[in-house]
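Shown below: model.txt, with compact mmCIF, C-alpha atoms.
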```txt
# COMPACT_ATOMS: atom_id res chain seq x y z
CA GLY Q 289 -35.93 -49.96 -31.86
CA GLU Q 290 -38.90 -50.14 -29.57
CA ASP Q 291 -42.16 -48.66 -30.78
CA VAL Q 292 -45.61 -48.27 -29.27
CA GLU Q 293 -48.60 -47.39 -31.44
CA GLN Q 294 -52.14 -46.42 -30.61
CA SER Q 295 -54.98 -44.76 -32.43
CA LEU Q 296 -55.20 -41.04 -31.76
CA PHE Q 297 -58.89 -40.54 -31.12
CA LEU Q 298 -61.91 -42.40 -29.74
CA SER Q 299 -65.42 -41.08 -29.21
CA VAL Q 300 -67.99 -42.94 -27.10
CA ARG Q 301 -71.41 -42.31 -25.65
CA GLU Q 302 -71.74 -41.91 -21.90
CA GLY Q 303 -72.59 -45.24 -20.30
CA ASP Q 304 -71.07 -47.33 -23.10
CA SER Q 305 -67.82 -49.24 -22.84
CA SER Q 306 -64.62 -47.78 -24.27
CA VAL Q 307 -61.84 -49.92 -25.67
CA ILE Q 308 -58.48 -48.32 -26.31
CA ASN Q 309 -55.98 -50.41 -28.22
CA CYS Q 310 -52.21 -50.40 -28.36
CA THR Q 311 -49.54 -52.42 -30.15
CA TYR Q 312 -45.90 -52.64 -29.25
CA THR Q 313 -42.85 -54.12 -30.86
CA ASP Q 314 -40.50 -55.11 -28.05
CA SER Q 315 -41.10 -58.78 -27.28
CA SER Q 316 -38.92 -58.51 -24.18
CA SER Q 317 -41.21 -56.01 -22.48
CA THR Q 318 -41.65 -56.82 -18.81
CA TYR Q 319 -44.46 -54.45 -17.85
CA LEU Q 320 -47.12 -52.66 -19.87
CA TYR Q 321 -48.90 -49.61 -18.56
CA TRP Q 322 -51.86 -47.37 -19.05
CA TYR Q 323 -51.56 -43.73 -18.02
CA LYS Q 324 -54.28 -41.08 -18.02
CA GLN Q 325 -53.65 -37.41 -18.71
CA GLU Q 326 -56.39 -34.93 -17.91
CA PRO Q 327 -56.23 -31.42 -19.36
CA GLY Q 328 -53.48 -29.33 -17.80
CA ALA Q 329 -52.23 -32.19 -15.66
CA GLY Q 330 -49.41 -34.67 -15.61
CA LEU Q 331 -49.74 -38.36 -16.31
CA GLN Q 332 -51.44 -40.54 -13.75
CA LEU Q 333 -50.73 -44.25 -13.63
CA LEU Q 334 -54.05 -46.07 -14.10
CA THR Q 335 -52.93 -49.65 -14.12
CA TYR Q 336 -50.18 -51.93 -15.28
CA ILE Q 337 -49.85 -55.56 -16.22
CA PHE Q 338 -46.91 -57.88 -15.97
CA SER Q 339 -45.99 -59.56 -19.23
CA ASN Q 340 -46.81 -63.07 -18.00
CA MET Q 341 -50.43 -62.12 -17.35
CA ASP Q 342 -53.29 -62.16 -19.86
CA MET Q 343 -55.78 -60.01 -18.04
CA LYS Q 344 -56.07 -57.65 -15.13
CA GLN Q 345 -59.27 -56.15 -13.78
CA ASP Q 346 -59.57 -53.19 -11.46
CA GLN Q 347 -63.11 -51.92 -10.87
CA ARG Q 348 -64.26 -50.43 -14.21
CA LEU Q 349 -60.92 -51.05 -15.90
CA THR Q 350 -59.97 -54.26 -17.68
CA VAL Q 351 -56.58 -54.73 -19.29
CA LEU Q 352 -56.09 -57.48 -21.85
CA LEU Q 353 -52.67 -58.53 -23.07
CA ASN Q 354 -52.08 -60.68 -26.14
CA LYS Q 355 -48.37 -61.27 -25.94
CA LYS Q 356 -48.24 -63.29 -29.16
CA ASP Q 357 -49.68 -60.40 -31.18
CA LYS Q 358 -48.03 -57.74 -28.94
CA HIS Q 359 -51.43 -56.17 -28.41
CA LEU Q 360 -52.65 -54.42 -25.29
CA SER Q 361 -56.12 -53.04 -24.67
CA LEU Q 362 -57.82 -51.01 -21.98
CA ARG Q 363 -61.56 -51.40 -21.53
CA ILE Q 364 -63.44 -48.84 -19.47
CA ALA Q 365 -66.90 -50.02 -18.48
CA ASP Q 366 -69.78 -47.56 -18.07
CA THR Q 367 -67.73 -44.67 -19.45
CA GLN Q 368 -68.41 -41.34 -17.77
CA THR Q 369 -67.67 -37.75 -18.80
CA GLY Q 370 -64.92 -37.71 -16.18
CA ASP Q 371 -63.13 -40.37 -18.20
CA SER Q 372 -62.53 -37.86 -21.01
CA ALA Q 373 -58.75 -37.57 -21.21
CA ILE Q 374 -55.72 -38.73 -23.16
CA TYR Q 375 -54.72 -42.32 -22.46
CA PHE Q 376 -51.13 -43.38 -22.97
CA CYS Q 377 -49.97 -46.90 -23.47
CA ALA Q 378 -46.37 -47.57 -22.37
CA GLU Q 379 -44.07 -50.52 -22.23
CA SER Q 380 -41.04 -50.99 -20.11
CA ASN Q 381 -37.76 -52.07 -21.44
CA ALA Q 382 -36.01 -53.02 -18.23
CA MET Q 383 -32.52 -52.07 -19.23
CA PHE Q 384 -31.14 -51.23 -15.84
CA SER Q 385 -30.17 -53.19 -12.79
CA GLY Q 386 -32.00 -52.56 -9.59
CA GLY Q 387 -35.46 -52.79 -11.13
CA TYR Q 388 -35.54 -49.43 -12.87
CA ASN Q 389 -37.64 -49.38 -15.98
CA LYS Q 390 -37.29 -47.15 -18.99
CA LEU Q 391 -40.79 -46.45 -20.29
CA ILE Q 392 -41.54 -46.13 -24.01
CA PHE Q 393 -44.80 -44.27 -24.60
CA GLY Q 394 -47.29 -44.30 -27.41
CA ALA Q 395 -48.62 -41.04 -28.84
CA GLY Q 396 -51.76 -41.18 -26.72
CA THR Q 397 -55.46 -41.76 -27.49
CA ARG Q 398 -57.82 -38.88 -26.86
CA LEU Q 399 -61.07 -40.25 -25.43
CA ALA Q 400 -64.10 -38.02 -25.86
CA VAL Q 401 -67.25 -38.98 -23.97
CA HIS Q 402 -70.49 -37.43 -25.20
CA PRO Q 403 -74.03 -37.57 -23.77
CA GLU E 108 -48.44 -35.57 0.03
CA ALA E 109 -46.14 -37.58 -2.23
CA GLN E 110 -45.49 -35.53 -5.32
CA VAL E 111 -43.18 -34.29 -8.04
CA THR E 112 -43.09 -30.50 -8.27
CA GLN E 113 -42.04 -28.65 -11.38
CA ASN E 114 -41.55 -24.93 -11.80
CA PRO E 115 -42.52 -22.88 -13.62
CA ARG E 116 -45.79 -24.22 -15.05
CA TYR E 117 -45.64 -21.86 -18.01
CA LEU E 118 -42.69 -20.06 -19.54
CA ILE E 119 -42.27 -17.90 -22.62
CA THR E 120 -38.71 -17.00 -23.51
CA VAL E 121 -36.63 -15.77 -26.41
CA THR E 122 -34.18 -17.73 -28.49
CA GLY E 123 -30.78 -18.03 -26.85
CA LYS E 124 -31.70 -16.97 -23.33
CA LYS E 125 -30.60 -19.63 -20.86
CA LEU E 126 -33.31 -21.10 -18.68
CA THR E 127 -33.74 -23.75 -15.99
CA VAL E 128 -36.84 -25.79 -15.21
CA THR E 129 -36.73 -27.14 -11.70
CA CYS E 130 -37.99 -30.52 -10.54
CA SER E 131 -38.21 -31.77 -6.98
CA GLN E 132 -39.64 -34.96 -5.49
CA ASN E 133 -40.38 -35.77 -1.85
CA MET E 134 -40.55 -39.57 -2.10
CA ASN E 135 -36.85 -40.35 -1.75
CA HIS E 136 -36.89 -41.87 -5.23
CA GLU E 137 -33.58 -42.85 -6.78
CA TYR E 138 -34.65 -42.60 -10.40
CA MET E 139 -35.68 -39.34 -12.06
CA SER E 140 -36.32 -38.53 -15.68
CA TRP E 141 -37.30 -35.70 -18.02
CA TYR E 142 -39.70 -36.16 -20.92
CA ARG E 143 -41.03 -33.84 -23.56
CA GLN E 144 -44.51 -34.25 -25.00
CA ASP E 145 -45.30 -33.16 -28.53
CA PRO E 146 -48.56 -33.67 -30.46
CA GLY E 147 -48.65 -37.02 -32.24
CA LEU E 148 -45.30 -38.09 -30.78
CA GLY E 149 -46.20 -39.04 -27.23
CA LEU E 150 -43.55 -38.66 -24.58
CA ARG E 151 -39.89 -38.85 -25.45
CA GLN E 152 -37.18 -39.17 -22.85
CA ILE E 153 -34.61 -36.38 -22.69
CA TYR E 154 -32.36 -37.36 -19.80
CA TYR E 155 -32.55 -39.64 -16.80
CA SER E 156 -30.71 -40.11 -13.55
CA MET E 157 -30.37 -43.31 -11.58
CA ASN E 158 -29.03 -41.60 -8.47
CA VAL E 159 -27.04 -38.63 -7.22
CA GLU E 160 -24.30 -37.64 -9.67
CA VAL E 161 -25.42 -40.36 -12.12
CA THR E 162 -27.09 -39.01 -15.26
CA ASP E 163 -27.40 -40.26 -18.82
CA LYS E 164 -28.92 -39.29 -22.15
CA GLY E 165 -32.35 -40.41 -23.20
CA ASP E 166 -33.67 -40.45 -26.75
CA VAL E 167 -33.68 -36.68 -27.46
CA PRO E 168 -30.92 -35.07 -25.36
CA GLU E 169 -29.66 -32.49 -27.86
CA GLY E 170 -29.88 -28.94 -26.55
CA TYR E 171 -30.48 -29.97 -22.94
CA LYS E 172 -28.41 -30.47 -19.81
CA VAL E 173 -29.27 -31.88 -16.40
CA SER E 174 -27.65 -32.20 -13.01
CA ARG E 175 -28.32 -34.36 -9.95
CA LYS E 176 -26.46 -32.90 -7.02
CA GLU E 177 -29.12 -33.91 -4.51
CA LYS E 178 -31.45 -36.86 -4.54
CA ARG E 179 -34.63 -34.80 -4.51
CA ASN E 180 -33.76 -32.32 -7.29
CA PHE E 181 -33.25 -32.84 -11.01
CA PRO E 182 -33.21 -29.53 -12.92
CA LEU E 183 -33.43 -29.34 -16.71
CA ILE E 184 -31.21 -26.68 -18.27
CA LEU E 185 -31.56 -25.18 -21.72
CA GLU E 186 -28.33 -23.28 -22.35
CA SER E 187 -29.47 -21.67 -25.61
CA PRO E 188 -33.15 -22.41 -26.24
CA SER E 189 -34.43 -22.60 -29.79
CA PRO E 190 -38.00 -22.60 -31.16
CA ASN E 191 -37.90 -26.37 -31.77
CA GLN E 192 -37.68 -26.79 -28.00
CA THR E 193 -41.17 -25.34 -27.63
CA SER E 194 -42.95 -28.23 -25.93
CA LEU E 195 -44.61 -29.57 -22.81
CA TYR E 196 -42.04 -30.96 -20.39
CA PHE E 197 -42.60 -33.52 -17.66
CA CYS E 198 -40.38 -34.61 -14.83
CA ALA E 199 -40.96 -38.06 -13.34
CA SER E 200 -39.54 -40.15 -10.54
CA SER E 201 -39.60 -43.79 -9.63
CA SER E 202 -38.15 -46.31 -7.25
CA PRO E 203 -37.19 -49.98 -7.66
CA GLY E 204 -39.92 -52.51 -7.18
CA THR E 205 -42.79 -50.16 -7.89
CA GLY E 206 -43.72 -52.01 -11.07
CA GLY E 207 -42.32 -49.11 -13.01
CA GLY E 208 -44.95 -46.77 -11.63
CA TYR E 209 -43.60 -43.35 -12.45
CA THR E 210 -44.91 -40.33 -10.55
CA PHE E 211 -45.17 -37.36 -12.89
CA GLY E 212 -45.05 -33.65 -12.25
CA SER E 213 -47.83 -31.41 -13.60
CA GLY E 214 -45.75 -30.27 -16.54
CA THR E 215 -44.04 -27.12 -17.78
CA ARG E 216 -45.28 -25.57 -21.00
CA LEU E 217 -42.35 -23.83 -22.64
CA THR E 218 -42.61 -21.50 -25.62
CA VAL E 219 -39.44 -20.24 -27.29
CA VAL E 220 -39.94 -17.32 -29.68
```

Structure translated into structure tokens:
Amino acid sequence: GEDVEQSLFLSVREGDSSVINCTYTDSSSTYLYWYKQEPGAGLQLLTYIFSNMDMKQDQRLTVLLNKKDKHLSLRIADTQTGDSAIYFCAESNAMFSGGYNKLIFGAGTRLAVHP
Amino acid sequence: EAQVTQNPRYLITVTGKKLTVTCSQNMNHEYMSWYRQDPGLGLRQIYYSMNVEVTDKGDVPEGYKVSRKEKRNFPLILESPSPNQTSLYFCASSSPGTGGGYTFGSGTRLTVV
């Protein structure tokens, strides 16, 4: 079945770039997502990329997709303490008509930003 | 404000005592879903609903029930909770053409003793 894997922990210094990596197994994925979960909160959609794209940039966030290797990464430039959170990678397996997507989530990467 | 509202935020209960976690969205979304989050496992789908009176099992439906009598509400029912259902639960909603952008509730932390 579908599987999404990511490392569980990343520690970076404030001001450095963070790179969070993710691999997935479903080659028919249509969208891939990055969600952010702050303590005590739900998941917030950060960005997503369509499977026919290689890269997407949104301010400090850069998403890279290597479809051949089924590898997705999220780069956060100039990482700040407010970026400390759990980041979830997810892929959609569009099983339903009407454009609904079932999301398969990874276990989440805890990003710790230290001075 | 567009949002998904879950209640309660925290709940401690005893084994076997029926409980309901409510979920409501104000975005007129057709699709709603329940997930549970456990350490090291990420989010796993419990049940989903594609519209009123249309529900189906996700990946871990055992021990749970849902209903969708109105478009905005999607309650999660635990008829006889057990300790292995201690978890953090999230409700989410979505609509076609949003790029799969789910809107999540703030979560319900359930402890079954």

Next item on the list: Might you pull out every residue within 7 Å of segment 332-341 of chain Q, with all atoms listed in the file counted and same-chain residues fewer than 3 positions away left off, and present them as a list of chain:residue names?
Entry: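 Here the qualifying residues turn out to be Q:Ser317, Q:Thr318, Q:Tyr319, Q:Leu320, Q:Tyr321, Q:Trp322, Q:Tyr323, Q:Lys324, Q:Gln325, Q:Lys344, E:Gly208.
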
Check: Near chain Q, which residues of chain E fall within 12 Å when you count all atoms listed in the file, and what do they look like as a PyMOL selection string?
Finding: chain E and resi 110-113+116-117+136-158+163-166+195-216

Margin query: If I take atom CA of Gln345 of chain Q and atom CA of Gln368 of chain Q, how far is one from the other in Å, to one decimal?
Written below: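 One can read the atom CA of Gln345 of chain Q to atom CA of Gln368 of chain Q distance as 17.9 Å.
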
Check: In Å, with one decimal, what is the gap from atom CA of Pro168 of chain E to atom CA of Ser187 of chain E?
Finding: 13.5 Å

Check: By how many Å are atom CA of Thr311 of chain Q and atom CA of Asn191 of chain E apart?
Finding: 28.6 Å

Could you work out an axis-aligned bounding box for all listed atoms of segment 317-325 of chain Q, with 4 Å added on each of the six sides, and give its centre and edge lengths in Å to one decimal, as AutoDock Vina command-line options?
```
--center_x -47.7 --center_y -47.1 --center_z -20.2 --size_x 21.1 --size_y 27.4 --size_z 12.6
```

Note to self: Set the distance at 8 Å and use only C-alpha atoms: which residues neighbour Asp371 of chain Q once local chain neighbours fewer than 4 positions away are removed? I'd like the list as number ranges by chain.
What the structure shows: Q: 367, 399, 401

Checklist line | Residue neighbourhood Lys356 of chain Q, 10 Å, all atoms listed in the file, exclusion window fewer than 3 positions, as a PyMOL selection string | finding: chain Q and resi 315+353+359

Item checked: Selection near Val121 of chain E, 8 Å with all atoms listed in the file, sequence-local residues under 5 positions removed, as a ChimeraX atom specification -> /E:188-189,219-220

Next item on the list: Taking the point (-39.7, -27.5, -14.5) as given in the file, collect each protein or nucleic acid residue that comes within 6 Å of it, counting only C-alpha atoms, and present the set as a PyMOL selection string.
Entry: chain E and resi 113-115+128-130+215

Margin query: Could you check the closest approach to Leu118 of chain E for each of E:Ser194, E:Thr162, E:Ser131, E:Asn180 and tell me which residue wins, using only C-alpha atoms?
Written below: E:Ser194

Write segment 321-338 of chain Q as a short mmCIF file (atom, residue, chain, number, x, y, z; two decimals), in the frame of the given file, completed to N, CA, C and O atoms.
```
data_model
loop_
_atom_site.label_atom_id
_atom_site.label_comp_id
_atom_site.auth_asym_id
_atom_site.auth_seq_id
_atom_site.Cartn_x
_atom_site.Cartn_y
_atom_site.Cartn_z
N TYR Q 321 -48.22 -50.58 -19.41
CA TYR Q 321 -48.90 -49.61 -18.56
C TYR Q 321 -49.98 -48.84 -19.32
O TYR Q 321 -49.88 -48.65 -20.53
N TRP Q 322 -50.93 -48.36 -18.55
CA TRP Q 322 -51.86 -47.37 -19.05
C TRP Q 322 -51.82 -46.16 -18.13
O TRP Q 322 -51.99 -46.29 -16.91
N TYR Q 323 -51.56 -44.99 -18.74
CA TYR Q 323 -51.56 -43.73 -18.02
C TYR Q 323 -52.70 -42.87 -18.54
O TYR Q 323 -53.06 -42.93 -19.71
N LYS Q 324 -53.20 -42.01 -17.66
CA LYS Q 324 -54.28 -41.08 -18.02
C LYS Q 324 -53.77 -39.66 -17.82
O LYS Q 324 -53.15 -39.35 -16.80
N GLN Q 325 -54.04 -38.81 -18.82
CA GLN Q 325 -53.65 -37.41 -18.71
C GLN Q 325 -54.88 -36.54 -18.89
O GLN Q 325 -55.46 -36.48 -19.98
N GLU Q 326 -55.27 -35.88 -17.83
CA GLU Q 326 -56.39 -34.93 -17.91
C GLU Q 326 -55.84 -33.57 -18.33
O GLU Q 326 -54.64 -33.30 -18.18
N PRO Q 327 -56.70 -32.71 -18.86
CA PRO Q 327 -56.23 -31.42 -19.36
C PRO Q 327 -55.44 -30.64 -18.31
O PRO Q 327 -55.89 -30.50 -17.16
N GLY Q 328 -54.29 -30.15 -18.69
CA GLY Q 328 -53.48 -29.33 -17.80
C GLY Q 328 -52.79 -30.08 -16.68
O GLY Q 328 -52.23 -29.47 -15.76
N ALA Q 329 -52.81 -31.40 -16.74
CA ALA Q 329 -52.23 -32.19 -15.66
C ALA Q 329 -51.14 -33.12 -16.18
O ALA Q 329 -51.00 -33.31 -17.39
N GLY Q 330 -50.42 -33.69 -15.24
CA GLY Q 330 -49.41 -34.67 -15.61
C GLY Q 330 -50.06 -36.02 -15.86
O GLY Q 330 -51.28 -36.15 -15.89
N LEU Q 331 -49.24 -37.01 -16.05
CA LEU Q 331 -49.74 -38.36 -16.31
C LEU Q 331 -49.97 -39.10 -15.00
O LEU Q 331 -49.12 -39.07 -14.10
N GLN Q 332 -51.09 -39.78 -14.94
CA GLN Q 332 -51.44 -40.54 -13.75
C GLN Q 332 -51.46 -42.01 -14.11
O GLN Q 332 -52.13 -42.40 -15.08
N LEU Q 333 -50.74 -42.82 -13.35
CA LEU Q 333 -50.73 -44.25 -13.63
C LEU Q 333 -52.11 -44.84 -13.30
O LEU Q 333 -52.57 -44.76 -12.17
N LEU Q 334 -52.74 -45.44 -14.31
CA LEU Q 334 -54.05 -46.07 -14.10
C LEU Q 334 -53.90 -47.50 -13.65
O LEU Q 334 -54.51 -47.93 -12.67
N THR Q 335 -53.11 -48.24 -14.41
CA THR Q 335 -52.93 -49.65 -14.12
C THR Q 335 -51.74 -50.16 -14.92
O THR Q 335 -51.29 -49.51 -15.86
N TYR Q 336 -51.24 -51.31 -14.51
CA TYR Q 336 -50.18 -51.93 -15.28
C TYR Q 336 -50.36 -53.44 -15.21
O TYR Q 336 -51.04 -53.96 -14.33
N ILE Q 337 -49.74 -54.11 -16.15
CA ILE Q 337 -49.85 -55.56 -16.22
C ILE Q 337 -48.47 -56.14 -16.46
O ILE Q 337 -47.69 -55.59 -17.25
N PHE Q 338 -48.17 -57.20 -15.77
CA PHE Q 338 -46.91 -57.88 -15.97
C PHE Q 338 -47.02 -58.74 -17.22
O PHE Q 338 -48.10 -59.27 -17.54
#
```
